Amino acid sequence: MDGFYDALERAIETARLAPSSHNCQPWRVDYSLLSQEVSIGFDNHRVLRGLESLEREMFISAGVFTHFLTALLAYQGYQLNWQWQSEYGDHRVLATSGVTQLNSGSDAEEYQALSQRIRERHTIRSRFKTTAVDIHSLETIVQHASCHFYSADHVGTTLGNLTKQYAALDFTNKSAWEETYNYIRFDEDEFAEDGFYLRNLFGPVSKPFRLLFRYGFHPTMMPINKRLGLAKKMAAGLGELVESGPYYLALSPKENSQEALFECGYELGALWLYMQRQGIGLHPISVLVQHETARKALAQSLQCPPPVFFARLGHIEQSGLDAPRRSVESILNCV
Ligand SMILES: Cc1cc2nc3c(=O)[nH]c(=O)nc-3n(C[C@H](O)[C@H](O)[C@H](O)COP(=O)(O)O)c2cc1C
């Protein structure tokens, strides 16, 4: 094994904490010892397919992971220059890069600081503080995608109402909900490598709530659930949270291509870590970008191009909890 392989393994140990839709972690990394080339691709079994629009989120998620990986390797003295690929073989290769050693060498202190920031980052699904966020500084981070920020003072009520109107789709669209449900880990003590425990979604939950959610929201219960209005109730709760903001982010690619989506994710990775440094958290609300009617209404309300990623954000009041993660061995393949 060469020195770069060790650095890559070490970087993946931390980069695997990158956020992804449903925490499916769709990425794989291949490294060729012979050509010293790294590639990022999809692990076919892990790609979400419940809705067509989820394909966008796979490219975005892989982009975030790639940003984390690239930044971690840079502080270990290795530069990667990703070239977009569109290979469909046994698995989908997204980007490849040769390895260049940086003259500046490694920076142990910066590496530590970045690793810590990545480890401390969680998706925040609780209320944020209402303190002001310096939006102008956030706007400078994203260069290759269209990134718009909003405040709840202006659009909170509209966005809250949109969420109340559309968020039940999360539970009532059959194929989407069946897939999501499969990612929920109901046994809070059992090891899982992907998906989320109920505590990740709702904070600590009681046993009755766990049972109600497990059986009341089981996909076979969808017709009864609909009649009882459970999905609508969940949507109303999320709507109130969305209304509280206090800020929002809508991200759209510069053009309609897979590469542009990957780039969007790469920049989102940089933004998410920058925000973490300022004590600002993100709560993606993807239901509003996954269904075309909701997405159009969102774009119209925000007067921006149709977003591929939408989130509320603000200063963190209550930290999130660690979610499951895949092992380095399952991500990295060395040939
Ligand atoms: C593209 C994308 C879309 C996401 N959409 C949602 C969402 O709609 N609702 C939500 O609560 N979390 C969403 N998340 C956050 C993931 O669920 C989260 O990253 C994953 O469960 C791992 O948890 P962590 O971010 O706390 O490490 C999204 C993340 C990404 C990258």
# chains A, B, ... in the order shown; residues from 1 in each chain; ligands from 1

$ closest_atom_pairs --of "chain A" --to "ligand 1" --cutoff "7 Å" --atoms "only C-alpha atoms and all ligand atoms" --output "Markdown table"
| residue | atom | partner | partner_atom_place_in_ligand_line | distance |
| --- | --- | --- | --- | --- |
| A:Leu17 | CA | ligand 1 | 27 (O) | 5.9 |
| A:Ala18 | CA | ligand 1 | 27 (O) | 6.3 |
| A:Pro19 | CA | ligand 1 | 19 (O) | 3.2 |
| A:Ser20 | CA | ligand 1 | 31 (C) | 3.6 |
| A:Ser21 | CA | ligand 1 | 29 (C) | 4.2 |
| A:His22 | CA | ligand 1 | 17 (O) | 4.6 |
| A:Asn23 | CA | ligand 1 | 20 (C) | 3.9 |
| A:Glu57 | CA | ligand 1 | 1 (C) | 4.4 |
| A:Met58 | CA | ligand 1 | 1 (C) | 6.9 |
| A:Ile60 | CA | ligand 1 | 1 (C) | 5.5 |
| A:Ser61 | CA | ligand 1 | 31 (C) | 4.6 |
| A:Arg121 | CA | ligand 1 | 27 (O) | 6.7 |
| A:His122 | CA | ligand 1 | 26 (O) | 3.5 |
| A:Thr123 | CA | ligand 1 | 26 (O) | 3.8 |
| A:Ile124 | CA | ligand 1 | 26 (O) | 6.9 |
| A:Arg125 | CA | ligand 1 | 11 (O) | 6.2 |
| A:Gly195 | CA | ligand 1 | 21 (O) | 6.3 |
| A:Phe196 | CA | ligand 1 | 21 (O) | 5.8 |
| A:Leu201 | CA | ligand 1 | 11 (O) | 6.5 |
| A:His283 | CA | ligand 1 | 11 (O) | 6.1 |
| A:Pro284 | CA | ligand 1 | 6 (C) | 4.5 |
| A:Ile285 | CA | ligand 1 | 8 (O) | 4.0 |
| A:Ser286 | CA | ligand 1 | 8 (O) | 3.6 |
| A:Val287 | CA | ligand 1 | 8 (O) | 5.7 |
| A:Phe309 | CA | ligand 1 | 1 (C) | 6.4 |
| A:Gly320 | CA | ligand 1 | 26 (O) | 6.3 |
| A:Leu321 | CA | ligand 1 | 26 (O) | 6.4 |
| A:Asp322 | CA | ligand 1 | 26 (O) | 6.0 |
| A:Ala323 | CA | ligand 1 | 23 (O) | 5.1 |

$ write_last_selection --atoms "C-alpha atoms" --output "PDB file, in the first residue's frame"
ATOM      1  CA  LEU A  17     -20.241  11.223   8.080  1.00  0.00           C
ATOM      2  CA  ALA A  18     -21.469  13.334   5.150  1.00  0.00           C
ATOM      3  CA  PRO A  19     -25.251  13.858   5.000  1.00  0.00           C
ATOM      4  CA  SER A  20     -27.343  12.028   2.400  1.00  0.00           C
ATOM      5  CA  SER A  21     -31.059  11.570   1.637  1.00  0.00           C
ATOM      6  CA  HIS A  22     -32.526   8.976   4.011  1.00  0.00           C
ATOM      7  CA  ASN A  23     -28.931   8.533   5.172  1.00  0.00           C
ATOM      8  CA  GLU A  57     -30.587  13.945  -4.411  1.00  0.00           C
ATOM      9  CA  MET A  58     -28.220  11.038  -5.094  1.00  0.00           C
ATOM     10  CA  ILE A  60     -26.212  16.032  -4.527  1.00  0.00           C
ATOM     11  CA  SER A  61     -25.389  13.617  -1.686  1.00  0.00           C
ATOM     12  CA  ARG A 121     -22.305  18.394  12.069  1.00  0.00           C
ATOM     13  CA  HIS A 122     -25.763  16.866  12.281  1.00  0.00           C
ATOM     14  CA  THR A 123     -29.040  17.549  10.556  1.00  0.00           C
ATOM     15  CA  ILE A 124     -31.017  19.730  12.960  1.00  0.00           C
ATOM     16  CA  ARG A 125     -34.755  19.004  13.003  1.00  0.00           C
ATOM     17  CA  GLY A 195     -31.095   4.971   7.701  1.00  0.00           C
ATOM     18  CA  PHE A 196     -32.236   6.670  10.891  1.00  0.00           C
ATOM     19  CA  LEU A 201     -36.021  12.273  13.433  1.00  0.00           C
ATOM     20  CA  HIS A 283     -32.820  21.127   8.178  1.00  0.00           C
ATOM     21  CA  PRO A 284     -33.564  20.000   4.612  1.00  0.00           C
ATOM     22  CA  ILE A 285     -37.266  19.905   3.707  1.00  0.00           C
ATOM     23  CA  SER A 286     -37.015  17.815   0.570  1.00  0.00           C
ATOM     24  CA  VAL A 287     -40.704  16.985   0.222  1.00  0.00           C
ATOM     25  CA  PHE A 309     -32.492  21.425  -2.399  1.00  0.00           C
ATOM     26  CA  GLY A 320     -28.591  16.681  16.676  1.00  0.00           C
ATOM     27  CA  LEU A 321     -27.672  13.060  17.379  1.00  0.00           C
ATOM     28  CA  ASP A 322     -25.272  10.716  15.555  1.00  0.00           C
ATOM     29  CA  ALA A 323     -26.992   8.728  12.815  1.00  0.00           C
TER      30      ALA A 323
END

$ select_by_dssp --residues "stretch 143-251 of chain A" --states "alpha helix (DSSP H)" --output "PyMOL selection string"
chain A and resi 152-166+169-172+174-182+198-202+207-216+222-228+230-244

$ write_last_selection --atoms "C-alpha atoms" --output "short mmCIF file (atom, residue, chain, number, x, y, z; two decimals), in the first residue's frame"
data_model
loop_
_atom_site.label_atom_id
_atom_site.label_comp_id
_atom_site.auth_asym_id
_atom_site.auth_seq_id
_atom_site.Cartn_x
_atom_site.Cartn_y
_atom_site.Cartn_z
CA ALA A 152 -39.10 33.89 7.91
CA ASP A 153 -40.08 37.53 8.42
CA HIS A 154 -40.83 37.69 4.70
CA VAL A 155 -41.83 34.20 3.62
CA GLY A 156 -42.31 32.17 6.82
CA THR A 157 -46.10 32.06 6.66
CA THR A 158 -46.14 31.21 2.94
CA LEU A 159 -43.57 28.43 3.34
CA GLY A 160 -45.31 27.08 6.45
CA ASN A 161 -48.58 26.90 4.49
CA LEU A 162 -46.89 25.26 1.49
CA THR A 163 -45.45 22.61 3.81
CA LYS A 164 -48.83 22.02 5.45
CA GLN A 165 -50.32 21.63 1.98
CA TYR A 166 -47.74 19.27 0.50
CA LEU A 169 -47.02 13.46 0.25
CA ASP A 170 -44.10 12.02 2.24
CA PHE A 171 -46.50 9.48 3.74
CA THR A 172 -49.13 9.09 1.02
CA LYS A 174 -46.84 4.66 -2.05
CA SER A 175 -43.42 3.92 -3.56
CA ALA A 176 -41.75 6.86 -1.82
CA TRP A 177 -43.12 5.98 1.61
CA GLU A 178 -42.36 2.26 1.25
CA GLU A 179 -38.75 3.17 0.55
CA THR A 180 -38.50 5.72 3.37
CA TYR A 181 -40.11 3.33 5.85
CA ASN A 182 -37.42 0.75 5.06
CA LEU A 198 -36.71 7.59 15.45
CA ARG A 199 -34.56 9.59 17.90
CA ASN A 200 -32.73 11.07 14.89
CA LEU A 201 -36.02 12.27 13.43
CA PHE A 202 -37.95 13.29 16.56
CA LYS A 207 -42.21 3.43 23.65
CA PRO A 208 -45.91 4.15 22.88
CA PHE A 209 -44.88 6.72 20.24
CA ARG A 210 -42.44 4.21 18.74
CA LEU A 211 -45.15 1.57 18.52
CA LEU A 212 -47.70 4.02 17.13
CA PHE A 213 -45.29 5.16 14.45
CA ARG A 214 -44.10 1.65 13.59
CA TYR A 215 -47.58 0.23 13.09
CA GLY A 216 -49.69 3.34 12.37
CA MET A 222 -51.75 3.84 4.34
CA PRO A 223 -55.50 3.78 3.57
CA ILE A 224 -56.43 3.80 7.29
CA ASN A 225 -53.75 6.34 8.05
CA LYS A 226 -55.23 8.58 5.35
CA ARG A 227 -58.74 8.23 6.78
CA LEU A 228 -57.52 9.06 10.30
CA LEU A 230 -52.33 11.04 10.55
CA ALA A 231 -50.26 12.14 7.53
CA LYS A 232 -52.01 15.53 7.56
CA LYS A 233 -51.23 15.92 11.27
CA MET A 234 -47.55 15.21 10.64
CA ALA A 235 -47.59 17.70 7.76
CA ALA A 236 -49.16 20.35 9.99
CA GLY A 237 -46.43 19.83 12.61
CA LEU A 238 -43.70 20.15 10.01
CA GLY A 239 -45.45 23.20 8.57
CA GLU A 240 -45.26 24.97 11.94
CA LEU A 241 -41.57 24.18 12.21
CA VAL A 242 -40.93 25.43 8.68
CA GLU A 243 -42.89 28.60 9.42
CA SER A 244 -40.57 29.25 12.38
#

$ closest_atom_pairs --of "stretch 269-318 of chain A" --to "stretch 65-74 of chain A" --cutoff "12 Å" --atoms "only C-alpha atoms" --output "tab-separated table"
residue	atom	partner	partner_atom	distance
A:Gly269	CA	A:His67	CA	5.7
A:Ala270	CA	A:His67	CA	6.7
A:Leu271	CA	A:His67	CA	10.2
A:Trp272	CA	A:Phe68	CA	10.3
A:Leu273	CA	A:Phe68	CA	8.8
A:Tyr274	CA	A:Phe68	CA	11.7

$ select_by_dssp --residues "stretch 90-335 of chain A" --states "strand (DSSP E or B)" --output "ChimeraX atom specification"
/A:92-101,128,145-151,184-185,196-197,247-253,280-284,309-316,332-334

$ write_last_selection --atoms "C-alpha atoms" --output "compact mmCIF listing (two decimals), in the first residue's frame"
# COMPACT_ATOMS: atom_id res chain seq x y z
CA ARG A 92 -22.00 4.38 -12.08
CA VAL A 93 -18.71 6.28 -11.95
CA LEU A 94 -19.26 9.99 -11.34
CA ALA A 95 -15.81 11.54 -11.22
CA THR A 96 -12.19 10.47 -11.28
CA SER A 97 -9.00 12.16 -10.23
CA GLY A 98 -5.28 11.60 -10.27
CA VAL A 99 -3.37 12.37 -7.09
CA THR A 100 -1.02 15.33 -6.79
CA GLN A 101 1.13 15.88 -3.73
CA PHE A 128 -33.45 27.14 15.85
CA ALA A 145 -24.91 27.02 -8.27
CA SER A 146 -27.75 29.43 -7.78
CA CYS A 147 -28.18 29.90 -4.05
CA HIS A 148 -30.91 32.04 -2.48
CA PHE A 149 -31.52 32.82 1.17
CA TYR A 150 -34.76 34.07 2.72
CA SER A 151 -35.96 35.09 6.13
CA ILE A 184 -36.37 3.71 9.68
CA ARG A 185 -34.63 1.68 12.39
CA PHE A 196 -32.24 6.67 10.89
CA TYR A 197 -33.54 5.83 14.33
CA TYR A 247 -34.08 31.44 7.54
CA TYR A 248 -34.25 29.30 4.41
CA LEU A 249 -31.94 28.21 1.65
CA ALA A 250 -32.99 27.26 -1.88
CA LEU A 251 -30.34 25.78 -4.13
CA SER A 252 -30.67 25.27 -7.90
CA PRO A 253 -28.07 23.98 -10.36
CA ILE A 280 -25.62 27.41 12.18
CA GLY A 281 -27.57 24.23 11.41
CA LEU A 282 -29.55 23.02 8.40
CA HIS A 283 -32.82 21.13 8.18
CA PRO A 284 -33.56 20.00 4.61
CA PHE A 309 -32.49 21.42 -2.40
CA PHE A 310 -34.50 23.41 0.13
CA ALA A 311 -33.80 23.75 3.85
CA ARG A 312 -34.56 25.85 6.89
CA LEU A 313 -31.57 27.12 8.81
CA GLY A 314 -30.59 29.08 11.88
CA HIS A 315 -28.31 29.20 14.91
CA ILE A 316 -28.37 25.83 16.64
CA LEU A 332 -13.43 1.89 -0.27
CA ASN A 333 -12.40 -0.59 -2.93
CA CYS A 334 -8.74 -0.90 -3.79
